[in-house]
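Visitor: File follows, final.cif with mmCIF, N, CA and C atoms:
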data_work
#
loop_
_atom_site.label_atom_id
_atom_site.label_comp_id
_atom_site.auth_asym_id
_atom_site.auth_seq_id
_atom_site.Cartn_x
_atom_site.Cartn_y
_atom_site.Cartn_z
N ALA R 1 -34.36 -18.21 19.00
CA ALA R 1 -33.70 -16.92 18.80
C ALA R 1 -32.96 -16.94 17.48
N LEU R 2 -33.09 -15.86 16.74
CA LEU R 2 -32.40 -15.76 15.45
C LEU R 2 -30.95 -15.35 15.67
N ALA R 3 -30.07 -15.92 14.86
CA ALA R 3 -28.66 -15.52 14.92
C ALA R 3 -28.56 -14.08 14.41
N PRO R 4 -27.61 -13.30 14.92
CA PRO R 4 -27.49 -11.93 14.43
C PRO R 4 -27.15 -11.95 12.95
N ARG R 5 -27.76 -11.06 12.20
CA ARG R 5 -27.55 -11.00 10.76
C ARG R 5 -26.20 -10.35 10.49
N ILE R 6 -25.35 -11.03 9.74
CA ILE R 6 -24.06 -10.45 9.39
C ILE R 6 -24.24 -9.75 8.05
N ALA R 7 -23.76 -8.52 7.96
CA ALA R 7 -23.87 -7.78 6.71
C ALA R 7 -23.14 -8.53 5.60
N PRO R 8 -23.68 -8.50 4.38
CA PRO R 8 -23.00 -9.20 3.28
C PRO R 8 -21.62 -8.63 3.02
N VAL R 9 -20.72 -9.47 2.58
CA VAL R 9 -19.38 -9.02 2.21
C VAL R 9 -19.42 -8.64 0.73
N HIS R 10 -18.80 -7.50 0.41
CA HIS R 10 -18.71 -7.03 -0.97
C HIS R 10 -17.24 -6.88 -1.31
N VAL R 11 -16.81 -7.51 -2.39
CA VAL R 11 -15.40 -7.42 -2.78
C VAL R 11 -15.06 -5.98 -3.11
N GLY R 12 -14.02 -5.47 -2.46
CA GLY R 12 -13.56 -4.11 -2.73
C GLY R 12 -14.20 -3.04 -1.88
N GLN R 13 -15.10 -3.41 -0.97
CA GLN R 13 -15.71 -2.42 -0.08
C GLN R 13 -15.33 -2.74 1.36
N PRO R 14 -14.90 -1.73 2.10
CA PRO R 14 -14.49 -1.99 3.48
C PRO R 14 -15.67 -2.49 4.32
N PRO R 15 -15.48 -3.59 5.03
CA PRO R 15 -16.56 -4.13 5.85
C PRO R 15 -16.65 -3.41 7.19
N ALA R 16 -17.83 -3.45 7.77
CA ALA R 16 -18.01 -2.90 9.12
C ALA R 16 -17.16 -3.74 10.07
N GLY R 17 -16.58 -3.10 11.05
CA GLY R 17 -15.87 -3.85 12.08
C GLY R 17 -14.42 -4.15 11.76
N LEU R 18 -13.92 -3.67 10.64
CA LEU R 18 -12.50 -3.88 10.32
C LEU R 18 -11.83 -2.51 10.35
N ASP R 19 -10.73 -2.40 11.11
CA ASP R 19 -10.13 -1.08 11.23
C ASP R 19 -9.52 -0.63 9.90
N ARG R 20 -9.41 0.69 9.75
CA ARG R 20 -9.01 1.27 8.46
C ARG R 20 -7.64 0.82 7.99
N SER R 21 -6.67 0.75 8.90
CA SER R 21 -5.32 0.38 8.46
C SER R 21 -5.29 -1.08 7.98
N ARG R 22 -6.03 -1.92 8.65
CA ARG R 22 -6.11 -3.33 8.25
C ARG R 22 -6.74 -3.45 6.86
N TRP R 23 -7.82 -2.69 6.64
CA TRP R 23 -8.49 -2.70 5.33
C TRP R 23 -7.55 -2.15 4.25
N ARG R 24 -6.87 -1.04 4.55
CA ARG R 24 -5.98 -0.42 3.57
C ARG R 24 -4.89 -1.41 3.15
N ASP R 25 -4.32 -2.11 4.10
CA ASP R 25 -3.27 -3.10 3.78
C ASP R 25 -3.82 -4.21 2.89
N LEU R 26 -5.03 -4.69 3.19
CA LEU R 26 -5.64 -5.74 2.39
C LEU R 26 -5.93 -5.21 0.98
N HIS R 27 -6.54 -4.04 0.93
CA HIS R 27 -6.98 -3.44 -0.33
C HIS R 27 -5.80 -3.09 -1.24
N ARG R 28 -4.67 -2.74 -0.65
CA ARG R 28 -3.50 -2.35 -1.45
C ARG R 28 -2.56 -3.53 -1.72
N GLY R 29 -2.95 -4.71 -1.28
CA GLY R 29 -2.13 -5.88 -1.56
C GLY R 29 -0.93 -6.02 -0.63
N ARG R 30 -0.94 -5.28 0.49
CA ARG R 30 0.18 -5.37 1.43
C ARG R 30 0.06 -6.57 2.37
N THR R 31 -1.17 -7.03 2.57
CA THR R 31 -1.36 -8.21 3.41
C THR R 31 -1.13 -9.42 2.51
N ARG R 32 -0.06 -10.14 2.76
CA ARG R 32 0.34 -11.25 1.90
C ARG R 32 -0.51 -12.49 2.15
N PRO R 33 -1.06 -13.07 1.08
CA PRO R 33 -1.82 -14.31 1.28
C PRO R 33 -0.91 -15.46 1.72
N GLU R 34 -1.39 -16.24 2.65
CA GLU R 34 -0.62 -17.38 3.16
C GLU R 34 -0.88 -18.64 2.35
N ARG R 35 -1.92 -18.61 1.54
CA ARG R 35 -2.27 -19.76 0.70
C ARG R 35 -3.12 -19.25 -0.45
N THR R 36 -3.00 -19.90 -1.61
CA THR R 36 -3.75 -19.46 -2.80
C THR R 36 -4.49 -20.63 -3.42
N LEU R 37 -5.71 -20.36 -3.84
CA LEU R 37 -6.51 -21.34 -4.58
C LEU R 37 -6.71 -20.79 -5.99
N ASP R 38 -6.31 -21.55 -7.00
CA ASP R 38 -6.48 -21.12 -8.39
C ASP R 38 -7.65 -21.89 -9.00
N LEU R 39 -8.66 -21.16 -9.45
CA LEU R 39 -9.87 -21.79 -9.98
C LEU R 39 -9.89 -21.84 -11.51
N HIS R 40 -8.80 -21.45 -12.16
CA HIS R 40 -8.77 -21.47 -13.63
C HIS R 40 -9.20 -22.83 -14.17
N GLY R 41 -10.08 -22.80 -15.16
CA GLY R 41 -10.46 -24.02 -15.85
C GLY R 41 -11.49 -24.88 -15.13
N ARG R 42 -11.96 -24.44 -13.97
CA ARG R 42 -12.96 -25.25 -13.25
C ARG R 42 -14.36 -24.83 -13.64
N ARG R 43 -15.26 -25.78 -13.57
CA ARG R 43 -16.68 -25.47 -13.76
C ARG R 43 -17.19 -24.85 -12.46
N ALA R 44 -18.28 -24.08 -12.58
CA ALA R 44 -18.78 -23.32 -11.43
C ALA R 44 -19.05 -24.20 -10.20
N GLN R 45 -19.73 -25.33 -10.39
CA GLN R 45 -20.07 -26.14 -9.22
C GLN R 45 -18.82 -26.70 -8.54
N ASP R 46 -17.87 -27.17 -9.35
CA ASP R 46 -16.60 -27.68 -8.82
C ASP R 46 -15.84 -26.56 -8.10
N ALA R 47 -15.83 -25.38 -8.71
CA ALA R 47 -15.13 -24.24 -8.12
C ALA R 47 -15.76 -23.86 -6.78
N TYR R 48 -17.08 -23.87 -6.71
CA TYR R 48 -17.77 -23.53 -5.46
C TYR R 48 -17.36 -24.48 -4.34
N HIS R 49 -17.37 -25.78 -4.63
CA HIS R 49 -16.98 -26.77 -3.61
C HIS R 49 -15.51 -26.61 -3.24
N ALA R 50 -14.67 -26.29 -4.22
CA ALA R 50 -13.25 -26.07 -3.94
C ALA R 50 -13.05 -24.86 -3.02
N VAL R 51 -13.80 -23.79 -3.28
CA VAL R 51 -13.70 -22.58 -2.44
C VAL R 51 -14.12 -22.90 -1.01
N ARG R 52 -15.24 -23.61 -0.87
CA ARG R 52 -15.72 -23.95 0.48
C ARG R 52 -14.67 -24.77 1.23
N ALA R 53 -14.15 -25.81 0.60
CA ALA R 53 -13.16 -26.67 1.25
C ALA R 53 -11.90 -25.87 1.59
N PHE R 54 -11.48 -25.03 0.66
CA PHE R 54 -10.27 -24.21 0.84
C PHE R 54 -10.42 -23.27 2.04
N LEU R 55 -11.56 -22.57 2.12
CA LEU R 55 -11.75 -21.62 3.22
C LEU R 55 -11.90 -22.32 4.57
N HIS R 56 -12.62 -23.44 4.59
CA HIS R 56 -12.74 -24.19 5.84
C HIS R 56 -11.36 -24.68 6.31
N ALA R 57 -10.55 -25.20 5.39
CA ALA R 57 -9.21 -25.69 5.74
C ALA R 57 -8.31 -24.54 6.19
N ALA R 58 -8.38 -23.41 5.48
CA ALA R 58 -7.54 -22.26 5.82
C ALA R 58 -7.87 -21.75 7.21
N GLN R 59 -9.16 -21.67 7.52
CA GLN R 59 -9.53 -21.19 8.85
C GLN R 59 -9.14 -22.20 9.93
N ALA R 60 -9.32 -23.47 9.63
CA ALA R 60 -8.93 -24.52 10.58
C ALA R 60 -7.43 -24.47 10.85
N ASP R 61 -6.65 -24.09 9.84
CA ASP R 61 -5.19 -23.99 10.00
C ASP R 61 -4.75 -22.65 10.59
N GLY R 62 -5.70 -21.80 10.91
CA GLY R 62 -5.38 -20.53 11.55
C GLY R 62 -4.84 -19.46 10.62
N LEU R 63 -5.07 -19.61 9.32
CA LEU R 63 -4.58 -18.59 8.37
C LEU R 63 -5.45 -17.35 8.46
N ARG R 64 -4.84 -16.19 8.20
CA ARG R 64 -5.59 -14.93 8.26
C ARG R 64 -5.88 -14.35 6.89
N CYS R 65 -4.97 -14.57 5.92
CA CYS R 65 -5.17 -13.99 4.60
C CYS R 65 -4.93 -15.06 3.54
N VAL R 66 -5.89 -15.22 2.63
CA VAL R 66 -5.75 -16.17 1.53
C VAL R 66 -6.15 -15.47 0.23
N ALA R 67 -5.71 -16.05 -0.88
CA ALA R 67 -6.06 -15.50 -2.19
C ALA R 67 -6.83 -16.55 -2.97
N VAL R 68 -7.84 -16.09 -3.72
CA VAL R 68 -8.57 -16.97 -4.62
C VAL R 68 -8.48 -16.34 -6.01
N VAL R 69 -7.94 -17.11 -6.95
CA VAL R 69 -7.80 -16.64 -8.32
C VAL R 69 -9.00 -17.15 -9.11
N THR R 70 -9.88 -16.24 -9.49
CA THR R 70 -11.06 -16.62 -10.27
C THR R 70 -10.77 -16.49 -11.76
N GLY R 71 -9.75 -15.72 -12.10
CA GLY R 71 -9.52 -15.36 -13.49
C GLY R 71 -10.45 -14.21 -13.84
N LYS R 72 -10.13 -13.51 -14.89
CA LYS R 72 -10.95 -12.36 -15.26
C LYS R 72 -12.15 -12.75 -16.09
N GLY R 73 -12.00 -13.81 -16.86
CA GLY R 73 -13.10 -14.20 -17.73
C GLY R 73 -13.12 -13.35 -18.99
N PRO R 74 -13.83 -13.82 -20.00
CA PRO R 74 -13.80 -13.17 -21.32
C PRO R 74 -14.62 -11.89 -21.44
N MET R 75 -15.71 -11.78 -20.70
CA MET R 75 -16.61 -10.65 -20.92
C MET R 75 -16.18 -9.45 -20.09
N PRO R 76 -16.69 -8.25 -20.43
CA PRO R 76 -16.32 -7.07 -19.63
C PRO R 76 -16.66 -7.25 -18.15
N GLU R 77 -17.77 -7.90 -17.86
CA GLU R 77 -18.15 -8.08 -16.44
C GLU R 77 -17.48 -9.30 -15.83
N GLY R 78 -16.66 -9.98 -16.60
CA GLY R 78 -15.92 -11.11 -16.06
C GLY R 78 -16.62 -12.42 -16.35
N GLY R 79 -15.91 -13.49 -16.13
CA GLY R 79 -16.46 -14.81 -16.38
C GLY R 79 -17.40 -15.26 -15.27
N VAL R 80 -17.93 -16.44 -15.43
CA VAL R 80 -18.90 -16.99 -14.47
C VAL R 80 -18.31 -17.05 -13.06
N LEU R 81 -17.08 -17.54 -12.92
CA LEU R 81 -16.51 -17.69 -11.58
C LEU R 81 -16.34 -16.33 -10.91
N ARG R 82 -15.87 -15.36 -11.66
CA ARG R 82 -15.66 -14.03 -11.07
C ARG R 82 -17.00 -13.41 -10.66
N ARG R 83 -18.04 -13.64 -11.46
CA ARG R 83 -19.37 -13.11 -11.13
C ARG R 83 -19.99 -13.82 -9.94
N GLU R 84 -19.81 -15.14 -9.87
CA GLU R 84 -20.44 -15.94 -8.81
C GLU R 84 -19.71 -15.85 -7.48
N PHE R 85 -18.41 -15.62 -7.51
CA PHE R 85 -17.59 -15.67 -6.30
C PHE R 85 -18.15 -14.84 -5.13
N PRO R 86 -18.54 -13.57 -5.36
CA PRO R 86 -19.10 -12.79 -4.23
C PRO R 86 -20.34 -13.44 -3.62
N HIS R 87 -21.16 -14.09 -4.45
CA HIS R 87 -22.36 -14.76 -3.92
C HIS R 87 -21.94 -15.94 -3.03
N TRP R 88 -20.92 -16.66 -3.46
CA TRP R 88 -20.45 -17.81 -2.67
C TRP R 88 -19.96 -17.34 -1.30
N LEU R 89 -19.25 -16.22 -1.28
CA LEU R 89 -18.73 -15.70 0.00
C LEU R 89 -19.84 -15.38 0.97
N ASN R 90 -21.03 -15.08 0.45
CA ASN R 90 -22.14 -14.71 1.32
C ASN R 90 -23.04 -15.89 1.68
N ALA R 91 -22.63 -17.11 1.29
CA ALA R 91 -23.35 -18.30 1.76
C ALA R 91 -23.18 -18.34 3.27
N PRO R 92 -24.21 -18.77 4.02
CA PRO R 92 -24.16 -18.67 5.48
C PRO R 92 -22.91 -19.25 6.13
N ASP R 93 -22.45 -20.42 5.69
CA ASP R 93 -21.29 -21.01 6.37
C ASP R 93 -19.99 -20.30 6.03
N LEU R 94 -19.91 -19.66 4.86
CA LEU R 94 -18.68 -18.96 4.50
C LEU R 94 -18.68 -17.52 4.99
N ARG R 95 -19.85 -16.87 4.99
CA ARG R 95 -19.92 -15.46 5.38
C ARG R 95 -19.36 -15.22 6.78
N GLN R 96 -19.61 -16.17 7.66
CA GLN R 96 -19.14 -15.96 9.04
C GLN R 96 -17.63 -16.08 9.16
N MET R 97 -16.96 -16.63 8.14
CA MET R 97 -15.50 -16.77 8.18
C MET R 97 -14.76 -15.57 7.62
N VAL R 98 -15.41 -14.84 6.70
CA VAL R 98 -14.73 -13.81 5.93
C VAL R 98 -14.93 -12.43 6.54
N LEU R 99 -13.82 -11.78 6.89
CA LEU R 99 -13.89 -10.41 7.42
C LEU R 99 -13.97 -9.39 6.29
N GLY R 100 -13.17 -9.59 5.26
CA GLY R 100 -13.14 -8.63 4.16
C GLY R 100 -12.59 -9.27 2.90
N ALA R 101 -12.90 -8.67 1.76
CA ALA R 101 -12.45 -9.17 0.47
C ALA R 101 -12.08 -8.00 -0.42
N ALA R 102 -10.92 -8.10 -1.08
CA ALA R 102 -10.46 -7.00 -1.93
C ALA R 102 -9.68 -7.52 -3.12
N TYR R 103 -9.73 -6.73 -4.20
CA TYR R 103 -8.82 -6.98 -5.33
C TYR R 103 -7.53 -6.25 -4.96
N PRO R 104 -6.43 -6.96 -4.74
CA PRO R 104 -5.22 -6.29 -4.26
C PRO R 104 -4.55 -5.42 -5.32
N HIS R 105 -4.90 -5.60 -6.58
CA HIS R 105 -4.31 -4.81 -7.65
C HIS R 105 -5.46 -4.32 -8.51
N ALA R 106 -5.61 -3.01 -8.60
CA ALA R 106 -6.74 -2.45 -9.36
C ALA R 106 -6.73 -2.96 -10.79
N SER R 107 -5.53 -3.19 -11.34
CA SER R 107 -5.44 -3.61 -12.73
C SER R 107 -5.77 -5.10 -12.92
N ASN R 108 -5.74 -5.86 -11.82
CA ASN R 108 -6.01 -7.30 -11.94
C ASN R 108 -7.16 -7.68 -11.03
N GLN R 109 -8.33 -7.81 -11.64
CA GLN R 109 -9.50 -8.18 -10.85
C GLN R 109 -9.75 -9.67 -10.94
N GLY R 110 -8.74 -10.42 -11.35
CA GLY R 110 -8.86 -11.86 -11.46
C GLY R 110 -8.46 -12.59 -10.20
N ALA R 111 -7.99 -11.84 -9.19
CA ALA R 111 -7.60 -12.46 -7.92
C ALA R 111 -8.22 -11.65 -6.78
N VAL R 112 -8.70 -12.35 -5.77
CA VAL R 112 -9.31 -11.70 -4.61
C VAL R 112 -8.56 -12.15 -3.37
N HIS R 113 -8.17 -11.19 -2.54
CA HIS R 113 -7.56 -11.51 -1.25
C HIS R 113 -8.66 -11.45 -0.19
N LEU R 114 -8.69 -12.46 0.65
CA LEU R 114 -9.70 -12.54 1.70
C LEU R 114 -9.03 -12.48 3.06
N LEU R 115 -9.57 -11.68 3.95
CA LEU R 115 -9.12 -11.65 5.33
C LEU R 115 -10.09 -12.51 6.12
N LEU R 116 -9.56 -13.53 6.77
CA LEU R 116 -10.41 -14.47 7.51
C LEU R 116 -10.46 -14.12 8.98
N ARG R 117 -11.58 -14.45 9.59
CA ARG R 117 -11.73 -14.29 11.04
C ARG R 117 -10.91 -15.36 11.74
N ARG R 118 -10.51 -15.06 12.93
CA ARG R 118 -9.89 -16.11 13.75
C ARG R 118 -10.98 -17.09 14.12
N ARG R 119 -10.61 -18.35 14.15
CA ARG R 119 -11.60 -19.39 14.48
C ARG R 119 -11.92 -19.30 15.95
N ARG R 120 -13.19 -19.35 16.26
CA ARG R 120 -13.63 -19.39 17.66
C ARG R 120 -13.52 -20.82 18.16
N LEU R 121 -12.75 -21.03 19.17
CA LEU R 121 -12.61 -22.37 19.72
C LEU R 121 -13.77 -22.65 20.66
N PRO R 122 -14.31 -23.86 20.61
CA PRO R 122 -15.49 -24.17 21.46
C PRO R 122 -15.13 -24.16 22.94
#
Any chance you could put this one into structure tokens?
Guide:
Amino acid sequence: ALAPRIAPVHVGQPPAGLDRSRWRDLHRGRTRPERTLDLHGRRAQDAYHAVRAFLHAAQADGLRCVAVVTGKGPMPEGGVLRREFPHWLNAPDLRQMVLGAAYPHASNQGAVHLLLRRRRLP
């Protein structure tokens, strides 16, 4: 049997299954991150592994909201980390952890706040 397909997460777009007030708080930066990972100066592969470890640890610790600072990067579309980050969130092991992702400040797209699912206990 195939596992149910979870819709991809898109930074800045409300996900299915998250109530509007919860999304609004995340999107407007009202949901305070309980932990932050700063990826400035990291190479993409190192940053990817850091994000995975960070999200697994945050969920294991029962955190609901975390921030990941990718930096804006030099180009108009952003640096490598900012461009790659949404793809990393949709990796199978991470996608199931993330409820929603938003830039909490429209003027600063160098940081993403993530709302994590509660961990399912076996």
Visitor: So that I can check the surroundings of Gly110 (chain R), please list as a list in words every protein, DNA and RNA residue that reaches within 9 Å of it, counting only C-alpha atoms and ignoring chain neighbours fewer than 2 positions away.
Guide: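 That gives Val68, Val69, Thr70, Gly71, Lys72, Gly73, Gly78, Arg82, Tyr103, Asn108 and Val112 of chain R.
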Visitor: Determine the residue set returned by the PyMOL selection byres (((chain R and resi 105 and name CA) around 12) and name CA) for the present structure, and present it as a list in words.
Guide: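 For this structure, the PyMOL selection byres (((chain R and resi 105 and name CA) around 12) and name CA) resolves to Gly12, Asp25, Leu26, His27, Arg28, Gly29, Arg30, Thr31, Ala102, Tyr103, Pro104, Ala106, Ser107, Asn108, Gln109, Gly110, Ala111, Val112 and His113 of chain R.
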Visitor: With distances taken over all atoms listed in the file, which of R:Arg83, R:Arg35, R:Arg117, R:His40 is nearest to Met97 (chain R)?
Guide: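 Smallest distance to Met97 (chain R) is found for R:Arg117.
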Visitor: Using the file's own x, y and z axes, what box holds all listed atoms of region 57-68 of chain R with 6 Å on each side, keeping edges along x, y and z, and what are its centre and edge lengths in Å to one decimal, as AutoDock Vina command-line options?
Guide:
--center_x -7.6 --center_y -19.8 --center_z 2.8 --size_x 18.0 --size_y 23.7 --size_z 29.6
Visitor: Quick one: pull the distance between CA of Leu37 (chain R) and CA of Trp23 (chain R), Å, one decimal.
Guide: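 It comes out at 21.2 Å.
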Visitor: Starting from the displayed file, determine the output of the PyMOL selection byres (((chain R and resi 55-66 and name CA) around 7) and name CA) and express the residue list as a PyMOL selection string.
Guide: chain R and resi 32-36+51-54+67-68+113-119
Visitor: Residues within 6.5 Å of region 84-96 of chain R, please, as a ChimeraX atom specification. Count only N, CA and C atoms; anything in the same chain fewer than 3 positions from it doesn't count.
Guide: /R:8-9,11,79-81,99,117
Visitor: If you measure from CA of Gly100 (chain R) to CA of Gly17 (chain R), what distance in Å do you get, rounded to one decimal?
Guide: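 That distance, rounded to one decimal, is 9.6 Å.
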Visitor: Run DSSP on the backbone of this structure and report the residues of chain R it assigns to alpha helix (DSSP H), as an MDAnalysis selection string.
Guide: chainID R and resid 20:27 44:60 80:89 92:95
Visitor: Figure out the distance between atom C of Arg20 (chain R) and atom C of Ile6 (chain R), please, to one decimal in Å.
Guide: 19.7 Å
